[in-house]
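Data block for target.txt (compact mmCIF, C-alpha atoms):
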```
# COMPACT_ATOMS: atom_id res chain seq x y z
CA ILE A 1 -10.20 11.33 -48.41
CA MET A 2 -10.75 12.33 -52.04
CA LEU A 3 -9.43 8.92 -53.10
CA GLY A 4 -11.81 7.21 -50.68
CA LEU A 5 -14.79 9.17 -51.99
CA TYR A 6 -13.77 8.49 -55.59
CA SER A 7 -13.47 4.76 -54.89
CA ARG A 8 -16.93 4.72 -53.30
CA GLU A 9 -18.40 6.59 -56.26
CA ARG A 10 -16.85 4.10 -58.70
CA THR A 11 -17.50 0.88 -56.75
CA GLY A 12 -20.33 1.67 -54.34
CA LYS A 13 -18.21 0.36 -51.46
CA GLY A 14 -16.78 2.25 -48.52
CA GLY A 15 -13.16 2.04 -47.48
CA TRP A 16 -10.59 3.49 -45.15
CA VAL A 17 -7.81 5.97 -45.79
CA GLY A 18 -4.90 6.44 -43.41
CA THR A 19 -1.48 8.01 -43.17
CA SER A 20 1.76 7.55 -41.27
CA LEU A 21 3.17 9.69 -38.46
CA TYR A 22 6.57 9.29 -40.11
CA ALA A 23 5.20 11.19 -43.10
CA ASN A 24 3.42 13.73 -40.91
CA GLY A 25 6.81 14.89 -39.64
CA VAL A 26 7.95 15.51 -43.20
CA TRP A 27 4.71 17.31 -44.06
CA SER A 28 4.99 19.43 -40.90
CA ASN A 29 8.50 20.53 -41.85
CA ALA A 30 7.28 21.35 -45.36
CA SER A 31 4.41 23.38 -43.89
CA LEU A 32 6.81 25.30 -41.65
CA ALA A 33 9.04 26.03 -44.63
CA ALA A 34 6.05 27.31 -46.59
CA ALA A 35 4.94 29.44 -43.64
CA ALA A 36 8.43 30.90 -43.36
CA LEU A 37 8.37 31.87 -47.03
CA LEU A 38 5.05 33.61 -46.45
CA GLY A 39 6.43 35.52 -43.49
CA ALA A 40 4.73 33.50 -40.75
CA LEU A 41 7.98 32.79 -38.93
CA ARG A 42 7.93 30.81 -35.69
CA GLU A 43 10.18 31.56 -32.78
CA PRO A 44 13.07 29.08 -32.97
CA ARG A 45 13.36 26.45 -30.28
CA PRO A 46 15.96 27.48 -27.70
CA PRO A 47 19.14 25.36 -27.39
CA ARG A 48 18.89 22.38 -25.07
CA GLU A 49 21.30 24.04 -22.63
CA ARG A 50 18.79 26.88 -22.15
CA PRO A 51 15.35 25.29 -22.53
CA ARG A 52 12.07 26.68 -21.35
CA SER A 53 11.88 23.67 -19.05
CA ALA A 54 14.66 21.33 -17.97
CA PHE A 55 12.00 18.64 -17.59
CA LEU A 56 11.08 18.59 -21.26
CA ASN A 57 14.49 18.13 -22.78
CA HIS A 58 17.00 15.59 -24.04
CA TYR A 59 20.11 14.39 -22.22
CA THR A 60 23.10 12.09 -22.72
CA ALA A 61 23.81 9.06 -20.55
CA GLY A 62 27.31 8.01 -19.61
CA ASP A 63 27.54 5.58 -22.52
CA GLY A 64 26.70 8.30 -25.05
CA ARG A 65 23.06 7.31 -25.53
CA LEU A 66 20.78 10.30 -26.12
CA PHE A 67 17.39 10.17 -24.45
CA THR A 68 14.40 12.39 -23.84
CA LEU A 69 13.04 13.18 -20.41
CA LEU A 70 9.52 14.30 -19.53
CA LEU A 71 8.66 14.94 -15.89
CA SER A 72 4.92 15.26 -15.44
CA GLN A 73 3.42 16.30 -12.08
CA GLU A 74 6.67 18.16 -11.55
CA GLN A 75 6.00 19.42 -8.03
CA LYS A 76 5.13 15.93 -6.82
CA ARG A 77 7.93 14.02 -8.57
CA TRP A 78 10.78 16.50 -8.31
CA PRO A 79 12.11 15.11 -4.97
CA ALA A 80 11.86 11.55 -6.32
CA LEU A 81 13.85 12.55 -9.40
CA CYS A 82 16.55 14.11 -7.22
CA ALA A 83 16.82 10.90 -5.22
CA ALA A 84 16.87 8.74 -8.35
CA ILE A 85 19.80 10.67 -9.86
CA GLU A 86 21.64 10.49 -6.54
CA ARG A 87 21.41 14.24 -6.00
CA PRO A 88 18.89 14.56 -3.12
CA GLU A 89 20.36 17.93 -2.11
CA LEU A 90 18.94 19.50 -5.28
CA ALA A 91 15.46 19.21 -3.77
CA GLN A 92 16.56 21.69 -1.10
CA ASP A 93 18.46 23.98 -3.48
CA THR A 94 16.89 27.46 -3.31
CA ARG A 95 17.34 27.90 -7.08
CA PHE A 96 14.91 25.04 -7.66
CA ALA A 97 12.53 25.48 -4.73
CA SER A 98 9.41 26.00 -6.85
CA SER A 99 8.15 25.34 -10.36
CA SER A 100 8.61 28.99 -11.34
CA LEU A 101 12.17 29.05 -9.97
CA ARG A 102 13.03 25.81 -11.77
CA SER A 103 11.80 27.40 -14.97
CA GLU A 104 13.65 30.64 -14.30
CA ASN A 105 16.86 28.70 -13.56
CA ALA A 106 16.38 26.06 -16.26
CA ALA A 107 19.89 26.49 -17.63
CA ALA A 108 21.46 25.83 -14.22
CA LEU A 109 19.18 22.84 -13.69
CA VAL A 110 20.12 21.37 -17.06
CA ALA A 111 23.79 21.64 -16.11
CA GLU A 112 23.12 19.77 -12.85
CA LEU A 113 21.16 17.05 -14.66
CA ASP A 114 23.86 16.74 -17.34
CA ARG A 115 26.47 16.03 -14.68
CA ALA A 116 24.21 13.51 -12.95
CA PHE A 117 23.23 11.59 -16.08
CA ALA A 118 26.85 11.32 -17.23
CA ARG A 119 27.61 9.12 -14.21
CA HIS A 120 25.73 6.04 -15.45
CA ASP A 121 24.83 4.37 -18.73
CA TRP A 122 21.43 4.32 -20.44
CA PRO A 123 20.25 0.91 -19.09
CA HIS A 124 20.82 2.22 -15.55
CA TRP A 125 18.73 5.34 -16.13
CA GLN A 126 16.06 3.45 -18.04
CA ALA A 127 15.50 1.21 -15.03
CA ARG A 128 16.10 3.76 -12.28
CA LEU A 129 13.94 6.59 -13.63
CA GLY A 130 11.20 4.18 -14.65
CA GLU A 131 10.94 3.08 -11.03
CA VAL A 132 9.98 6.61 -9.92
CA GLY A 133 7.55 7.32 -12.75
CA VAL A 134 9.75 9.59 -14.84
CA ALA A 135 8.92 9.28 -18.55
CA ILE A 136 12.06 8.69 -20.61
CA ALA A 137 12.74 7.25 -24.05
CA PRO A 138 15.89 6.61 -26.07
CA ILE A 139 16.50 8.72 -29.17
CA ALA A 140 16.87 6.10 -31.87
CA ARG A 141 19.78 6.05 -34.27
CA ILE A 142 19.15 5.66 -38.00
CA ASP A 143 20.13 1.98 -37.97
CA GLU A 144 17.67 1.38 -35.13
CA VAL A 145 14.81 3.22 -36.83
CA VAL A 146 14.81 0.95 -39.89
CA ALA A 147 14.81 -2.14 -37.65
CA ASP A 148 12.18 -0.89 -35.19
CA PRO A 149 9.62 -3.71 -34.69
CA GLN A 150 6.74 -1.32 -34.06
CA ALA A 151 7.46 0.71 -37.20
CA MET A 152 7.66 -2.46 -39.28
CA HIS A 153 4.47 -3.91 -37.77
CA ALA A 154 2.65 -0.64 -38.48
CA GLY A 155 3.84 -0.74 -42.08
CA SER A 156 5.83 2.49 -41.82
CA ILE A 157 9.09 0.66 -42.60
CA VAL A 158 8.79 -1.97 -45.33
CA ASP A 159 11.04 -4.49 -47.05
CA THR A 160 12.00 -3.72 -50.62
CA GLU A 161 13.04 -5.76 -53.63
CA SER A 162 16.43 -4.04 -53.70
CA THR A 163 19.51 -5.74 -52.28
CA GLU A 164 21.26 -2.37 -51.97
CA VAL A 165 18.37 -0.77 -50.03
CA PRO A 166 16.63 -3.69 -48.29
CA ARG A 167 14.24 -1.48 -46.27
CA SER A 168 12.57 1.85 -46.93
CA ILE A 169 9.92 4.21 -45.59
CA SER A 170 6.50 3.20 -46.84
CA HIS A 171 4.25 5.46 -48.87
CA PRO A 172 2.54 7.88 -46.44
CA VAL A 173 -0.99 7.29 -47.76
CA ARG A 174 -2.73 3.99 -46.89
CA LEU A 175 -5.78 2.88 -48.87
CA GLY A 176 -7.84 -0.06 -47.70
CA PHE A 177 -9.11 -0.67 -51.23
CA ALA A 178 -5.66 -0.71 -52.91
CA GLN A 179 -2.82 -3.18 -52.58
CA PRO A 180 0.51 -1.38 -52.05
CA ARG A 181 3.34 -2.28 -54.39
CA SER A 182 6.67 -3.49 -53.10
CA ALA A 183 9.39 -0.89 -53.40
CA GLY A 184 12.12 -1.67 -55.89
CA ALA A 185 15.56 -0.31 -56.55
CA PRO A 186 15.75 3.37 -57.55
CA PRO A 187 16.39 3.97 -61.25
CA ALA A 188 19.93 4.37 -62.42
CA LEU A 189 21.06 7.68 -63.90
CA GLY A 190 19.41 8.00 -67.32
CA GLU A 191 17.76 4.58 -67.10
CA HIS A 192 14.39 5.84 -68.37
CA THR A 193 15.59 8.75 -70.51
CA ASP A 194 15.01 7.08 -73.87
CA ALA A 195 11.59 5.70 -72.92
CA ILE A 196 10.35 9.08 -71.67
CA LEU A 197 11.63 10.97 -74.70
CA ARG A 198 10.10 8.44 -77.06
CA GLU A 199 6.74 8.99 -75.32
CA LEU A 200 7.22 12.69 -76.05
CA GLY A 201 7.66 11.94 -79.74
CA TYR A 202 11.43 11.88 -80.21
CA ASP A 203 12.70 9.15 -82.56
CA ASP A 204 15.90 7.13 -82.35
CA ALA A 205 17.75 9.45 -84.73
CA VAL A 206 17.09 12.45 -82.52
CA LEU A 207 18.07 10.53 -79.39
CA ALA A 208 21.32 9.43 -81.02
CA ARG A 209 22.09 13.01 -82.03
CA LEU A 210 21.37 14.34 -78.53
CA ARG A 211 23.48 11.65 -76.94
CA ALA A 212 26.38 12.29 -79.32
CA ALA A 213 26.25 15.97 -78.38
CA GLY A 214 26.42 15.07 -74.69
CA ASP A 215 22.92 16.35 -73.95
CA LEU A 216 21.64 12.99 -72.62
CA ALA A 217 22.93 10.89 -69.78
```

Just give me the structure of the file as structure tokens.
Amino acid sequence: IMLGLYSRERTGKGGWVGTSLYANGVWSNASLAAAALLGALREPRPPRERPRSAFLNHYTAGDGRLFTLLLSQEQKRWPALCAAIERPELAQDTRFASSSLRSENAAALVAELDRAFARHDWPHWQARLGEVGVAIAPIARIDEVVADPQAMHAGSIVDTESTEVPRSISHPVRLGFAQPRSAGAPPALGEHTDAILRELGYDDAVLARLRAAGDLA
């Protein structure tokens, strides 16, 4: 926002400033780390085998694909979920007879769902659970993230000028009044050492002496 206000002050023209949700995750983790250092510790998330809710959790399909599951309107859709996973008897199980009991027995419910989801691969569950209105989504692997069409269209993943690293995460700040630069290859070890030290006032004789002593890369 400061950059937007500064641009308007200098040019008299308004503009937009945006950011990326990819970067927000990094900033959130940094904020949590800072809060932890200040003593504002958060309660750690419980392990997936013992979640607060079995319906807001991640699971593994029979082909090894990890996916997230979110069952909204739990009381209404619980019987449909049981039928979809080919376990209709779970709807009559006294351990899971109400929302409070399903929460109280979340660990047991996760174990039942784990066994059910292991019976079929991800494409099966993607189609089957979608039919009954259960929200699910695959957990992308790293190679899939960098090739995600939505991320590339949004400008979060961009092509670079490096053959070794052809794609990279874009800069988190977007400025409508500035043209982003294409990312290049990262500098090699010591590539800019001489240039930086010369800017600081060191001459070639000093650089040669430092390098001979093994103090420069």

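Nearest to Ser182 of chain A of all the residues A:Thr160, A:Ser103, A:Ser168, A:Gln73 is A:Thr160, counting only C-alpha atoms.
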
Quiz item: Which polymer residues have any atom within 8 Å of an atom of Arg50 of chain A, counting only C-alpha atoms, with same-chain residues fewer than 6 positions away left out, as a list in words?
Solution: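 Neighbouring residues, sequence-local ones excluded: Ala106, Ala107 and Val110 of chain A.
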
Keeping only C-alpha atoms, write the selected residues to a file as an mmCIF file, in the frame of the given file.
```cif
data_model
loop_
_atom_site.group_PDB
_atom_site.id
_atom_site.type_symbol
_atom_site.label_atom_id
_atom_site.label_comp_id
_atom_site.auth_asym_id
_atom_site.auth_seq_id
_atom_site.Cartn_x
_atom_site.Cartn_y
_atom_site.Cartn_z
ATOM 1 C CA ALA A 106 16.380 26.060 -16.260
ATOM 2 C CA ALA A 107 19.890 26.490 -17.630
ATOM 3 C CA VAL A 110 20.120 21.370 -17.060
#
```

Practice problem: Find the residues near Ala178 of chain A: any atom within 12 Å, counting only C-alpha atoms, skip ones fewer than 3 places away on the same chain, and give them as a list in words. | Solution: Leu3, Gly4, Ser7, Gly15, Trp16, Val17, Gly18, Val173, Arg174, Leu175 and Arg181 of chain A

File dump, residues just selected, C-alpha atoms, as an mmCIF file, in the coordinates of the input:
```cif
data_model
loop_
_atom_site.group_PDB
_atom_site.id
_atom_site.type_symbol
_atom_site.label_atom_id
_atom_site.label_comp_id
_atom_site.auth_asym_id
_atom_site.auth_seq_id
_atom_site.Cartn_x
_atom_site.Cartn_y
_atom_site.Cartn_z
ATOM 1 C CA LEU A 3 -9.430 8.920 -53.100
ATOM 2 C CA GLY A 4 -11.810 7.210 -50.680
ATOM 3 C CA SER A 7 -13.470 4.760 -54.890
ATOM 4 C CA GLY A 15 -13.160 2.040 -47.480
ATOM 5 C CA TRP A 16 -10.590 3.490 -45.150
ATOM 6 C CA VAL A 17 -7.810 5.970 -45.790
ATOM 7 C CA GLY A 18 -4.900 6.440 -43.410
ATOM 8 C CA VAL A 173 -0.990 7.290 -47.760
ATOM 9 C CA ARG A 174 -2.730 3.990 -46.890
ATOM 10 C CA LEU A 175 -5.780 2.880 -48.870
ATOM 11 C CA ARG A 181 3.340 -2.280 -54.390
#
```

Practice problem: Using only C-alpha atoms, find the one residue out of A:Phe177, A:Phe117, A:Tyr202, A:Phe96 that sits nearest to Ala61 of chain A. | Solution: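 That would be A:Phe117, the residue with the smallest distance to Ala61 of chain A.
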
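Pairwise distance (atom CA of Thr60 of chain A, atom CA of Arg77 of chain A) equals 20.8 Å.
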
Quiz item: Quick one: residues within 10 Å of Glu86 of chain A, all atoms listed in the file counted, chain neighbours fewer than 3 positions away excluded, as a ChimeraX atom specification?
Solution: /A:80-83,89-90,116-117,119

Quiz item: Which residue, A:Gly190, A:Ala205, A:Pro138, A:Leu200, has the smallest gap to Ala217 of chain A when you use only C-alpha atoms?
Solution: A:Gly190

Practice problem: Between A:Ile157, A:Asp93, A:Glu49, A:Asp194, single out the one closest to Val206 of chain A, counting all atoms listed in the file. | Solution: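 That would be A:Asp194, the residue with the smallest distance to Val206 of chain A.
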
Quiz item: So, counting all atoms listed in the file, which residue among A:Met152, A:Ile142, A:Ala84, A:Ala135 is closest to Phe55 of chain A?
Solution: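 The shortest atom-to-atom distance to Phe55 of chain A comes from A:Ala135.
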
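The spacing separating atom CA of Ala140 of chain A from atom CA of Phe67 of chain A amounts to 8.5 Å.
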
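Separating atom CA of Ala147 of chain A from atom CA of Leu71 of chain A is a distance of 28.3 Å.
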
Quiz item: Nearest to Gly155 of chain A among A:Pro187, A:Pro79, A:Gly64, A:Pro180, with distances taken over only C-alpha atoms: which residue is it?
Solution: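 Ranked by minimum distance to Gly155 of chain A, first place goes to A:Pro180.
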
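Residues of protein, DNA and RNA with at least one atom no farther than 10 Å from (6.9, 6.9, -7.5) are, using only C-alpha atoms, Lys76, Arg77, Ala80, Leu81, Leu129, Gly130, Glu131, Val132, Gly133 and Val134 of chain A.
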
Write out, as a PDB file, keeping the file's coordinate frame, the residues just selected, with C-alpha atoms.
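Generated file (part37.pdb):
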```
ATOM      1  CA  LYS A  76       5.130  15.930  -6.820  1.00  0.00           C
ATOM      2  CA  ARG A  77       7.930  14.020  -8.570  1.00  0.00           C
ATOM      3  CA  ALA A  80      11.860  11.550  -6.320  1.00  0.00           C
ATOM      4  CA  LEU A  81      13.850  12.550  -9.400  1.00  0.00           C
ATOM      5  CA  LEU A 129      13.940   6.590 -13.630  1.00  0.00           C
ATOM      6  CA  GLY A 130      11.200   4.180 -14.650  1.00  0.00           C
ATOM      7  CA  GLU A 131      10.940   3.080 -11.030  1.00  0.00           C
ATOM      8  CA  VAL A 132       9.980   6.610  -9.920  1.00  0.00           C
ATOM      9  CA  GLY A 133       7.550   7.320 -12.750  1.00  0.00           C
ATOM     10  CA  VAL A 134       9.750   9.590 -14.840  1.00  0.00           C
TER      11      VAL A 134
END
```
